[in-house]
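K.L.:
Have a look at the structure that comes next, please.
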Amino acid sequence: MKPKMTVKVTVDILMTLALLFLMGYQFWGDVAHEWVGAGMFLLFILHHVFNRHWVQNLFHGRFTPSRILSLVLDQLLFLAMLGLMVSGILLSNHVFAFLHLHGGISFARLLHMATSHWGFVLMALHLGLHWGMFVGLTRKALRLRQPSRVRRILLTALSIGIAAYGMSVFIRRGLLTYMLVRTQFVFLDFGESVPLFYLDYLAMMGTFIVLAYYGIKRIGKRAGNGTRF
């Protein structure tokens, strides 16, 4: 893997890990939450610096169904991350306290609640759109052979199982309630097991990765066969 690609992939992995860490606010407290959030803000900027050619070529080339879907998801993710960072700065009591920002706290809390959960779902979908590339890079870096037909079937079954469990967790934890701002407060279980919490969130992330990965493959296949949408 080329050094530039290694750095890009590392930034993406760190952003994903940071978002997972931030979803467990109740375990780590204000200070750690704010510093990791600030770090994610810097990683977000680096991600766009490394992918600036994507912005430059935004309106070039054919707008296929799969590319349109990717563009829509990317723009929604950008807006969610922007809202998350703005609201985080407004709510900051440590990292950005020197700015002495006051007012609009109630709105900032609701915005932070909604954009954090939208950002989590949209980032997982974004990963799913590029999952094939990550798998390919990993296989190349580790010099792994193409999986056999039996292994592909087993991996597909495992993916479906993770997606099913993740969707049940998504419903049980009420993430849609937070995304649609149907409540003003996030329920935090301070006595919950940390490993089980992150297992649930990894499963939810897996759900949306699977949906995006197989969805984009399905759209590409239908477009390639000339099927109308």
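Simple scheme: letters A, B, ... for chains in structure tokens order, numbers from 1 for residues in each chain, numbers from 1 for ligands in the order shown.
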Extract, using only C-alpha atoms, all DNA, RNA and protein residues at most 7 Å from Phe208 (chain A), discarding same-chain residues fewer than 6 positions from it, and format them as a PyMOL selection string.
P.N.:
chain A and resi 121+124-125+128
K.L.:
Got a sec: who's within 8 Å of His112 (chain A), counting only C-alpha atoms, leaving out chain neighbours fewer than 4 positions off, as a ChimeraX atom specification?
P.N.:
/A:83-84,87-88,108,116
K.L.:
Considering only helix (DSSP H, G or I) as DSSP defines it on the backbone, what residues of region 38-113 of chain A qualify? List them as a ChimeraX atom specification.
P.N.:
/A:38-50,52-56,65-91,97-99,105-113
K.L.:
Quick one: of A:Pro65, A:Gly166, A:Val72, A:Ala97, who's nearest to His126 (chain A), counting only C-alpha atoms?
P.N.:
A:Val72
K.L.:
One decimal, Å: what's the distance from CA of Trp118 (chain A) over to CA of Met179 (chain A), could you say?
P.N.:
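Distance reported for this atom pair: 5.9 Å.
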K.L.:
What separation in Å, quoted to one decimal, exists between CA of Asp12 (chain A) and CA of Glu192 (chain A)?
P.N.:
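Interatomic distance here is 28.0 Å.
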K.L.:
Report, in Å to a single decimal, how far apart CA of Tyr178 (chain A) and CA of Val194 (chain A) are.
P.N.:
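Calculated distance between CA of Val194 (chain A) and CA of Tyr178 (chain A) is 20.9 Å.
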K.L.:
Of the candidates A:Tyr201, A:Arg172, A:Ile153, A:Ile68, which one gets nearest to Leu17 (chain A) if we count only C-alpha atoms?
P.N.:
A:Tyr201
